[in-house]
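Worksheet: one structure, shown below.
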Amino acid sequence: MCIPVAASAVSAGEYYNQGLDLASQGHYSEAIASFDRAIELNPDHFLAWTAKGVAQNELGQYNEAVLSFDKSIQIQPDYYLTWDNRGVALANLGRYSEAVASYDKSILLEPGHTQAKVNRNAALERMGGQPQQEQSPLVYALPGVLALYTLVILGKRRG
């Protein structure tokens with residue numbers, strides 16, 4: 001007797017990669033669904049949590065994005081892009097002092113990551129503080145640029 005074999009199950013990494021592809025095309029809701037499937041299969045997939053947060057941030061779901069970034073940080077506390085993107089979500093919520101703390105952590109983990117420095121300075125300016133260096137806040141003003149940059153970096157770390 002021959003029993004038909006079902007198609008192989010899709011792995012967490014494949015759902016993650018599918019989510020990255022969808023997000024890079026601006027299909028953030030569909031990307032979130034793919035990241036959720038990756039997370040269902042592998043709850044410790046910190047890159048899927050980070051990418052989900054980026055997509056949520058792009059959709060204006062800032063509170064949800066912070067929660068996704070916090071979950072990623074709980075799993076992998078030393079990934080600088082998660083901290084940077086968490087700062088963007090917090091700044092979008094008007095929580096500038098918390099955003100600055102997230103940017104500081106990102107810079108501590110990756111001192112050459114100038115985007116976090118630019119974002120930090122923009123948050124400080126919003127708080128009425130003095131930026132440490134003169135930097136244009138263009139990246140902060142264009143969160144889609146950060147999302148695209150993050151997706152490129154995450155894509156290099158495909159599941």
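Note on naming: chains are A, B, ... as they come in the structure tokens, residues start from 1 per chain, ligands start from 1 in the order shown.
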
Quick one: everything within 6 Å of region 74-91 of chain A, counting only C-alpha atoms, minus sequence neighbours fewer than 3 positions away in the same chain. Send it as a PDB file with C-alpha atoms, in the first residue's frame.
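File written: result.pdb
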```pdb
ATOM      1  CA  THR A  50      12.636  42.324  14.910  1.00  0.00           C
ATOM      2  CA  TYR A  62       3.983  51.689  17.344  1.00  0.00           C
ATOM      3  CA  VAL A  66       7.728  48.102  20.820  1.00  0.00           C
ATOM      4  CA  PHE A  69      11.223  44.591  19.710  1.00  0.00           C
ATOM      5  CA  LYS A  71      10.445  40.186  22.721  1.00  0.00           C
ATOM      6  CA  GLY A  94       6.569  60.645  21.743  1.00  0.00           C
ATOM      7  CA  ARG A  95       8.537  58.697  24.349  1.00  0.00           C
ATOM      8  CA  TYR A  96      11.792  60.458  23.547  1.00  0.00           C
ATOM      9  CA  ALA A  99      13.997  56.318  22.595  1.00  0.00           C
ATOM     10  CA  SER A 102      17.397  52.573  23.070  1.00  0.00           C
ATOM     11  CA  TYR A 103      19.614  54.486  20.648  1.00  0.00           C
ATOM     12  CA  SER A 106      22.363  50.440  19.840  1.00  0.00           C
ATOM     13  CA  LEU A 109      26.613  47.572  20.722  1.00  0.00           C
ATOM     14  CA  ALA A 116      21.327  55.321  15.608  1.00  0.00           C
TER      15      ALA A 116
END
```

For Ala48 (chain A), find every residue with an atom within 6 Å (counting only C-alpha atoms), except residues of its own chain fewer than 4 positions away, and show them as a list in words.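 In the requested format, the answer is Tyr16, Phe35 and Lys52 of chain A.
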
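Relative to CA of Leu59 (chain A), CA of Ser29 (chain A) is found at 7.9 Å.
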
As a PyMOL selection string, please: all residues of region 46-107 of chain A that backbone DSSP puts in alpha helix (DSSP H). chain A and resi 46-58+62-75+80-92+96-107

Using only C-alpha atoms, find the one residue out of A:Asp21, A:Asp44, A:Glu58, A:Glu98 that sits nearest to Ile73 (chain A).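 Looking at the shortest contact to Ile73 (chain A), the residue is A:Asp44.
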
One decimal, Å: what's the distance from CA of Trp49 (chain A) over to CA of Lys117 (chain A), could you say? 23.0 Å

Who sits within 12 Å of Glu30 (chain A), only C-alpha atoms, same chain under 2 positions skipped, as an MDAnalysis selection string: chainID A and resid 15:16 18:28 32:37 52 55:56 59

Output file for the selection above: N, CA and C atoms, as a compact mmCIF listing (two decimals), in the first residue's frame:
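Written output follows (again.txt):
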```txt
# COMPACT_ATOMS: atom_id res chain seq x y z
N TYR A 15 9.35 31.03 6.18
CA TYR A 15 8.34 32.06 6.46
C TYR A 15 9.00 33.41 6.73
N TYR A 16 10.11 33.39 7.45
CA TYR A 16 10.86 34.62 7.72
C TYR A 16 11.32 35.26 6.41
N GLN A 18 10.12 34.80 3.43
CA GLN A 18 8.93 35.26 2.71
C GLN A 18 8.48 36.62 3.27
N GLY A 19 8.51 36.75 4.57
CA GLY A 19 8.13 38.01 5.21
C GLY A 19 9.06 39.15 4.80
N LEU A 20 10.35 38.87 4.73
CA LEU A 20 11.30 39.89 4.29
C LEU A 20 11.00 40.33 2.86
N ASP A 21 10.72 39.37 2.00
CA ASP A 21 10.41 39.71 0.61
C ASP A 21 9.15 40.57 0.53
N LEU A 22 8.12 40.20 1.29
CA LEU A 22 6.88 40.96 1.27
C LEU A 22 7.09 42.38 1.82
N ALA A 23 7.83 42.48 2.91
CA ALA A 23 8.09 43.80 3.52
C ALA A 23 8.89 44.68 2.58
N SER A 24 9.85 44.09 1.88
CA SER A 24 10.66 44.89 0.97
C SER A 24 9.84 45.44 -0.19
N GLN A 25 8.69 44.84 -0.45
CA GLN A 25 7.77 45.32 -1.49
C GLN A 25 6.68 46.23 -0.91
N GLY A 26 6.76 46.49 0.40
CA GLY A 26 5.79 47.37 1.04
C GLY A 26 4.51 46.68 1.48
N HIS A 27 4.48 45.35 1.43
CA HIS A 27 3.30 44.58 1.84
C HIS A 27 3.45 44.20 3.31
N TYR A 28 3.33 45.20 4.18
CA TYR A 28 3.66 45.01 5.59
C TYR A 28 2.68 44.11 6.34
N ILE A 32 3.84 40.70 8.15
CA ILE A 32 3.60 40.38 9.57
C ILE A 32 3.02 38.98 9.71
N ALA A 33 2.09 38.64 8.83
CA ALA A 33 1.51 37.29 8.87
C ALA A 33 2.58 36.22 8.66
N SER A 34 3.52 36.47 7.76
CA SER A 34 4.61 35.51 7.54
C SER A 34 5.54 35.45 8.75
N PHE A 35 5.86 36.60 9.32
CA PHE A 35 6.71 36.60 10.51
C PHE A 35 6.02 35.87 11.66
N ASP A 36 4.70 36.06 11.78
CA ASP A 36 3.95 35.35 12.83
C ASP A 36 4.03 33.84 12.64
N ARG A 37 3.97 33.39 11.39
CA ARG A 37 4.09 31.94 11.12
C ARG A 37 5.48 31.45 11.50
N LYS A 52 9.20 41.78 12.33
CA LYS A 52 7.79 42.04 12.59
C LYS A 52 7.61 43.44 13.17
N ALA A 55 7.92 46.05 10.45
CA ALA A 55 6.69 46.12 9.64
C ALA A 55 5.57 46.81 10.42
N GLN A 56 5.45 46.49 11.70
CA GLN A 56 4.42 47.14 12.53
C GLN A 56 4.66 48.65 12.60
N LEU A 59 3.46 50.40 9.63
CA LEU A 59 2.00 50.49 9.57
C LEU A 59 1.44 51.44 10.64
```

A straight line from CA of Lys105 (chain A) to CA of Asp70 (chain A) spans 13.1 Å
